[in-house]
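Visitor: Sending over input.cif (mmCIF, C-alpha atoms).
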data_coords
loop_
_atom_site.group_PDB
_atom_site.id
_atom_site.type_symbol
_atom_site.label_atom_id
_atom_site.label_comp_id
_atom_site.auth_asym_id
_atom_site.auth_seq_id
_atom_site.Cartn_x
_atom_site.Cartn_y
_atom_site.Cartn_z
ATOM 1 C CA MET K 31 68.843 22.938 -8.259
ATOM 2 C CA ARG K 32 70.168 23.514 -4.776
ATOM 3 C CA ILE K 33 68.394 25.662 -2.226
ATOM 4 C CA SER K 34 70.888 28.507 -2.703
ATOM 5 C CA GLU K 35 70.113 28.553 -6.439
ATOM 6 C CA LEU K 36 66.386 28.541 -5.751
ATOM 7 C CA SER K 37 66.904 31.413 -3.337
ATOM 8 C CA ALA K 38 68.818 33.410 -5.939
ATOM 9 C CA LYS K 39 66.226 32.783 -8.660
ATOM 10 C CA THR K 40 63.252 33.710 -6.469
ATOM 11 C CA GLN K 41 64.790 36.340 -4.172
ATOM 12 C CA VAL K 42 63.430 34.341 -1.215
ATOM 13 C CA SER K 43 65.826 33.608 1.636
ATOM 14 C CA VAL K 44 67.107 30.099 2.246
ATOM 15 C CA HIS K 45 65.605 30.299 5.741
ATOM 16 C CA ARG K 46 62.177 31.084 4.310
ATOM 17 C CA LEU K 47 62.477 28.316 1.714
ATOM 18 C CA ARG K 48 63.206 25.839 4.488
ATOM 19 C CA ARG K 49 60.144 27.142 6.314
ATOM 20 C CA TYR K 50 58.007 26.660 3.193
ATOM 21 C CA GLU K 51 59.296 23.112 2.903
ATOM 22 C CA ALA K 52 58.643 22.394 6.588
ATOM 23 C CA ALA K 53 55.073 23.651 6.069
ATOM 24 C CA GLY K 54 54.650 21.279 3.121
ATOM 25 C CA LEU K 55 54.290 24.057 0.555
ATOM 26 C CA ILE K 56 57.298 22.984 -1.486
ATOM 27 C CA VAL K 57 59.113 19.665 -1.735
ATOM 28 C CA SER K 58 62.653 18.671 -2.557
ATOM 29 C CA GLN K 59 64.456 15.480 -3.285
ATOM 30 C CA ARG K 60 67.449 14.647 -1.125
ATOM 31 C CA LEU K 61 70.658 13.982 -2.969
ATOM 32 C CA PRO K 62 73.008 11.248 -1.696
ATOM 33 C CA ASN K 63 75.125 13.966 -0.046
ATOM 34 C CA GLY K 64 72.063 15.222 1.876
ATOM 35 C CA TYR K 65 71.577 18.419 -0.117
ATOM 36 C CA ARG K 66 68.092 19.444 -1.122
ATOM 37 C CA ASP K 67 67.367 19.349 -4.846
ATOM 38 C CA TYR K 68 64.475 21.317 -6.336
ATOM 39 C CA ASP K 69 63.043 21.082 -9.837
ATOM 40 C CA GLU K 70 62.397 24.073 -12.104
ATOM 41 C CA LYS K 71 58.638 24.056 -11.388
ATOM 42 C CA THR K 72 59.434 24.988 -7.801
ATOM 43 C CA VAL K 73 60.661 28.430 -8.917
ATOM 44 C CA ARG K 74 57.186 29.406 -10.127
ATOM 45 C CA LEU K 75 55.591 27.963 -6.986
ATOM 46 C CA VAL K 76 57.941 29.867 -4.664
ATOM 47 C CA VAL K 77 57.201 33.111 -6.529
ATOM 48 C CA PHE K 78 53.467 32.460 -6.060
ATOM 49 C CA ILE K 79 53.961 31.749 -2.346
ATOM 50 C CA ALA K 80 56.162 34.831 -1.878
ATOM 51 C CA MET K 81 53.630 37.068 -3.650
ATOM 52 C CA SER K 82 50.860 35.638 -1.488
ATOM 53 C CA ARG K 83 52.892 36.300 1.672
ATOM 54 C CA GLU K 84 53.527 39.889 0.513
ATOM 55 C CA MET K 85 49.757 40.335 0.329
ATOM 56 C CA GLY K 86 49.502 39.176 3.927
ATOM 57 C CA PHE K 87 48.076 35.717 3.380
ATOM 58 C CA SER K 88 48.986 33.174 6.067
ATOM 59 C CA LEU K 89 50.890 30.000 5.271
ATOM 60 C CA PRO K 90 47.862 27.801 6.139
ATOM 61 C CA PHE K 91 45.729 29.904 3.776
ATOM 62 C CA ILE K 92 48.333 29.611 1.028
ATOM 63 C CA ALA K 93 48.525 25.856 1.608
ATOM 64 C CA GLU K 94 44.868 25.620 0.589
ATOM 65 C CA TYR K 95 45.640 27.292 -2.760
ATOM 66 C CA VAL K 96 48.918 25.529 -3.617
ATOM 67 C CA PRO K 97 47.334 22.309 -4.979
ATOM 68 C CA LYS K 98 45.052 24.283 -7.304
ATOM 69 C CA PHE K 99 47.989 26.469 -8.374
ATOM 70 C CA GLN K 100 50.204 23.462 -9.092
ATOM 71 C CA SER K 101 47.511 21.688 -11.088
ATOM 72 C CA GLY K 102 46.715 24.830 -13.114
ATOM 73 C CA GLN K 103 43.182 24.991 -11.699
ATOM 74 C CA LEU K 104 43.650 28.234 -9.763
ATOM 75 C CA THR K 105 41.953 30.886 -11.837
ATOM 76 C CA PRO K 106 42.646 34.603 -11.798
ATOM 77 C CA GLN K 107 39.088 35.008 -10.495
ATOM 78 C CA ASP K 108 39.905 32.739 -7.516
ATOM 79 C CA MET K 109 42.817 34.995 -6.616
ATOM 80 C CA ILE K 110 40.848 38.190 -7.226
ATOM 81 C CA GLU K 111 38.175 36.956 -4.813
ATOM 82 C CA ALA K 112 40.811 36.023 -2.212
ATOM 83 C CA ILE K 113 42.464 39.426 -2.573
ATOM 84 C CA HIS K 114 39.093 41.188 -2.220
ATOM 85 C CA GLN K 115 38.526 39.231 0.989
ATOM 86 C CA ARG K 116 41.973 40.273 2.230
ATOM 87 C CA VAL K 117 41.169 43.920 1.443
ATOM 88 C CA ALA K 118 37.916 43.591 3.428
ATOM 89 C CA GLU K 119 39.868 42.166 6.388
ATOM 90 C CA ILE K 120 42.306 45.082 6.248
ATOM 91 C CA ASP K 121 39.432 47.576 5.994
ATOM 92 C CA GLN K 122 37.948 46.018 9.150
ATOM 93 C CA VAL K 123 41.243 46.362 11.019
ATOM 94 C CA ILE K 124 41.563 49.977 9.858
ATOM 95 C CA ALA K 125 38.018 50.727 11.065
ATOM 96 C CA GLU K 126 38.777 49.154 14.453
ATOM 97 C CA HIS K 127 41.970 51.180 14.773
ATOM 98 C CA GLN K 128 40.193 54.389 13.787
ATOM 99 C CA ALA K 129 37.537 53.747 16.447
ATOM 100 C CA LEU K 130 40.256 53.097 19.028
ATOM 101 C CA ARG K 131 42.062 56.273 17.970
ATOM 102 C CA LYS K 132 38.872 58.282 18.467
ATOM 103 C CA LYS K 133 38.444 56.782 21.956
ATOM 104 C CA LEU K 134 42.016 57.649 22.845
ATOM 105 C CA ILE K 135 41.566 61.246 21.697
ATOM 106 C CA ASP K 136 38.316 61.433 23.707
ATOM 107 C CA HIS K 137 40.130 60.144 26.792
ATOM 108 C CA ILE K 138 42.843 62.765 26.366
ATOM 109 C CA GLY K 139 40.108 65.392 26.354
ATOM 110 C CA TRP K 140 38.543 63.901 29.466
ATOM 111 C CA PHE K 141 41.871 63.951 31.356
ATOM 112 C CA LYS K 142 42.610 67.510 30.216
ATOM 113 C CA ASN K 143 39.183 68.567 31.463
ATOM 114 C CA LYS K 144 39.813 66.849 34.830
ATOM 115 C CA GLN K 145 43.191 68.577 35.035
ATOM 116 C CA ARG K 146 41.630 72.019 34.470
ATOM 117 C CA LYS K 147 38.959 71.424 37.119
ATOM 118 C CA SER K 148 41.505 70.340 39.746
ATOM 119 C CA THR K 149 43.745 73.383 39.318
#
What does this structure look like when you write it as C-alpha coordinates?
Guide:
Amino acid sequence: MRISELSAKTQVSVHRLRRYEAAGLIVSQRLPNGYRDYDEKTVRLVVFIAMSREMGFSLPFIAEYVPKFQSGQLTPQDMIEAIHQRVAEIDQVIAEHQALRKKLIDHIGWFKNKQRKST
(Lines of atoms letter the chains of each structure in order from A and count residues from 1; the text may use other names and numbers.)
(Lines give C-alpha, C1' and ligand atoms only; values in the text may rest on other atoms or scores of the structure.)
Protein backbone atom coordinates (compact mmCIF):
# COMPACT_ATOMS: atom_id res chain seq x y z
CA MET A 1 0.00 0.00 0.00
CA ARG A 2 1.15 3.54 -0.63
CA ILE A 3 2.02 5.95 2.14
CA SER A 4 -1.25 7.85 1.67
CA GLU A 5 -3.21 4.62 2.20
CA LEU A 6 -1.18 3.79 5.29
CA SER A 7 -1.86 7.29 6.58
CA ALA A 8 -5.60 6.88 6.03
CA LYS A 9 -5.70 3.46 7.71
CA THR A 10 -3.72 4.56 10.77
CA GLN A 11 -4.75 8.22 11.07
CA VAL A 12 -1.04 9.11 11.17
CA SER A 13 0.14 11.91 8.89
CA VAL A 14 2.30 11.17 5.88
CA HIS A 15 4.93 13.50 7.36
CA ARG A 16 5.02 11.48 10.57
CA LEU A 17 5.18 8.19 8.66
CA ARG A 18 8.20 9.47 6.77
CA ARG A 19 9.75 10.43 10.10
CA TYR A 20 9.11 6.93 11.47
CA GLU A 21 10.75 5.46 8.39
CA ALA A 22 13.74 7.81 8.66
CA ALA A 23 14.13 6.69 12.29
CA GLY A 24 14.12 3.05 11.19
CA LEU A 25 10.86 2.21 12.96
CA ILE A 26 9.05 1.18 9.79
CA VAL A 27 10.34 0.05 6.41
CA SER A 28 8.98 0.21 2.90
CA GLN A 29 9.89 -1.24 -0.41
CA ARG A 30 10.46 1.17 -3.27
CA LEU A 31 8.41 0.56 -6.36
CA PRO A 32 9.99 1.12 -9.79
CA ASN A 33 8.26 4.52 -9.94
CA GLY A 34 9.90 5.53 -6.63
CA TYR A 35 6.77 5.31 -4.50
CA ARG A 36 6.98 3.72 -1.09
CA ASP A 37 5.10 0.45 -0.68
CA TYR A 38 4.13 -0.85 2.76
CA ASP A 39 2.79 -4.28 3.67
CA GLU A 40 -0.30 -4.88 5.81
CA LYS A 41 1.77 -5.70 8.92
CA THR A 42 2.97 -2.10 8.93
CA VAL A 43 -0.54 -0.88 9.82
CA ARG A 44 -0.43 -2.65 13.19
CA LEU A 45 3.13 -1.43 13.81
CA VAL A 46 2.24 2.20 13.04
CA VAL A 47 -0.74 2.00 15.41
CA PHE A 48 1.59 0.69 18.14
CA ILE A 49 4.10 3.49 17.47
CA ALA A 50 1.37 6.15 17.41
CA MET A 51 -0.11 4.89 20.70
CA SER A 52 3.35 4.91 22.25
CA ARG A 53 3.94 8.49 21.07
CA GLU A 54 0.56 9.52 22.53
CA MET A 55 1.78 8.21 25.89
CA GLY A 56 4.84 10.42 25.58
CA PHE A 57 7.44 7.80 24.78
CA SER A 58 10.38 9.04 22.69
CA LEU A 59 11.20 7.58 19.30
CA PRO A 60 14.50 6.10 20.58
CA PHE A 61 12.59 4.45 23.44
CA ILE A 62 10.00 3.08 21.02
CA ALA A 63 12.78 1.80 18.76
CA GLU A 64 13.90 -0.47 21.60
CA TYR A 65 10.43 -2.04 21.79
CA VAL A 66 9.67 -2.37 18.06
CA PRO A 67 11.69 -5.59 17.49
CA LYS A 68 9.95 -7.32 20.40
CA PHE A 69 6.57 -6.04 19.17
CA GLN A 70 7.19 -7.25 15.62
CA SER A 71 8.34 -10.68 16.76
CA GLY A 72 5.35 -11.07 19.12
CA GLN A 73 7.63 -11.17 22.17
CA LEU A 74 6.42 -7.89 23.70
CA THR A 75 4.13 -8.89 26.51
CA PRO A 76 1.36 -6.81 28.05
CA GLN A 77 3.41 -6.89 31.26
CA ASP A 78 6.38 -5.31 29.41
CA MET A 79 4.16 -2.44 28.32
CA ILE A 80 2.50 -2.11 31.73
CA GLU A 81 5.94 -1.76 33.32
CA ALA A 82 7.00 0.83 30.72
CA ILE A 83 3.79 2.79 31.27
CA HIS A 84 4.28 2.68 35.06
CA GLN A 85 7.77 4.08 34.54
CA ARG A 86 6.33 6.84 32.34
CA VAL A 87 3.76 7.67 35.03
CA ALA A 88 6.59 7.90 37.60
CA GLU A 89 8.49 10.28 35.30
CA ILE A 90 5.40 12.47 34.93
CA ASP A 91 4.82 12.42 38.70
CA GLN A 92 8.41 13.63 39.16
CA VAL A 93 7.88 16.49 36.71
CA ILE A 94 4.62 17.43 38.45
CA ALA A 95 6.38 17.45 41.84
CA GLU A 96 9.16 19.67 40.45
CA HIS A 97 6.61 22.07 38.98
CA GLN A 98 4.64 22.18 42.22
CA ALA A 99 7.82 23.01 44.15
CA LEU A 100 8.64 25.75 41.64
CA ARG A 101 5.10 27.10 41.90
CA LYS A 102 5.43 27.29 45.69
CA LYS A 103 8.73 29.19 45.32
CA LEU A 104 7.14 31.63 42.90
CA ILE A 105 4.23 32.28 45.27
CA ASP A 106 6.73 32.78 48.13
CA HIS A 107 8.67 35.28 46.02
CA ILE A 108 5.49 37.20 45.25
CA GLY A 109 4.90 37.45 48.99
CA TRP A 110 8.46 38.63 49.55
CA PHE A 111 8.13 41.38 46.91
CA LYS A 112 4.74 42.46 48.27
CA ASN A 113 6.26 42.70 51.74
CA LYS A 114 9.17 44.79 50.37
CA GLN A 115 6.68 47.02 48.58
CA ARG A 116 4.71 47.66 51.79
CA LYS A 117 7.86 48.50 53.75
CA SER A 118 9.08 51.00 51.14
CA THR A 119 5.81 52.95 51.00
Visitor: Once the PyMOL selection byres ((chain K and resi 86-88) around 12) is applied to the coordinates I shared, what remains selected? I want it as a PyMOL selection string.
Guide: chain K and resi 50+53+55+78-85+89-95+109+112-117+119-120
Visitor: I need the output of the PyMOL selection byres ((chain K and resi 68) around 9) for this file as a VMD selection string; which residues are they?
Guide: chain K and resid 31 to 33 36 56 to 60 66 to 67 69 to 73
Visitor: Keeping only C-alpha atoms, write the selected residues as a PDB file, in the coordinates of the input.
Guide:
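To be explicit, this is the file written out as result37.pdb:
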ATOM      1  CA  MET K  31      68.843  22.938  -8.259  1.00  0.00           C
ATOM      2  CA  ARG K  32      70.168  23.514  -4.776  1.00  0.00           C
ATOM      3  CA  ILE K  33      68.394  25.662  -2.226  1.00  0.00           C
ATOM      4  CA  LEU K  36      66.386  28.541  -5.751  1.00  0.00           C
ATOM      5  CA  ILE K  56      57.298  22.984  -1.486  1.00  0.00           C
ATOM      6  CA  VAL K  57      59.113  19.665  -1.735  1.00  0.00           C
ATOM      7  CA  SER K  58      62.653  18.671  -2.557  1.00  0.00           C
ATOM      8  CA  GLN K  59      64.456  15.480  -3.285  1.00  0.00           C
ATOM      9  CA  ARG K  60      67.449  14.647  -1.125  1.00  0.00           C
ATOM     10  CA  ARG K  66      68.092  19.444  -1.122  1.00  0.00           C
ATOM     11  CA  ASP K  67      67.367  19.349  -4.846  1.00  0.00           C
ATOM     12  CA  ASP K  69      63.043  21.082  -9.837  1.00  0.00           C
ATOM     13  CA  GLU K  70      62.397  24.073 -12.104  1.00  0.00           C
ATOM     14  CA  LYS K  71      58.638  24.056 -11.388  1.00  0.00           C
ATOM     15  CA  THR K  72      59.434  24.988  -7.801  1.00  0.00           C
ATOM     16  CA  VAL K  73      60.661  28.430  -8.917  1.00  0.00           C
TER      17      VAL K  73
END
Visitor: Grab the atom CA of K:Arg49 to atom CA of K:Ser37 distance for me, in Å with one decimal place.
Guide: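 It comes out at 12.5 Å.
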Visitor: Give me the box for stretch 66-73 of chain K as lines of an AutoDock Vina configuration file, namely the centre and edge lengths in Å to one decimal of a box along x, y and z that holds every listed atom plus 4 Å on each side.
Guide:
center_x = 63.4
center_y = 23.9
center_z = -6.6
size_x = 17.5
size_y = 17.1
size_z = 19.0
Visitor: Which is closer to K:Tyr65 than all the others in K:Ala129, K:Lys39, K:Arg146, K:Ser34, using only C-alpha atoms?
Guide: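 For K:Tyr65, the nearest of the candidates is K:Ser34.
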Visitor: Which one is closest to K:Gly102: K:Asn143, K:Arg74, K:Gln122, K:Ile135? Count only C-alpha atoms.
Guide: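 Answer, going by the shortest atom-to-atom distance: K:Arg74.
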Visitor: What does the structure give for the distance between atom CA of K:Ser43 and atom CA of K:Val77, in Å to one decimal?
Guide: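 It comes out at 11.9 Å.
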Visitor: Between atom CA of K:Arg48 and atom CA of K:Gly64, what distance in Å does the model show, to one decimal?
Guide: 14.1 Å
Visitor: Measuring between all atoms listed in the file, which one of K:Ser101, K:Val76, K:His127, K:Lys132 shows the shortest distance to K:Val42?
Guide: K:Val76
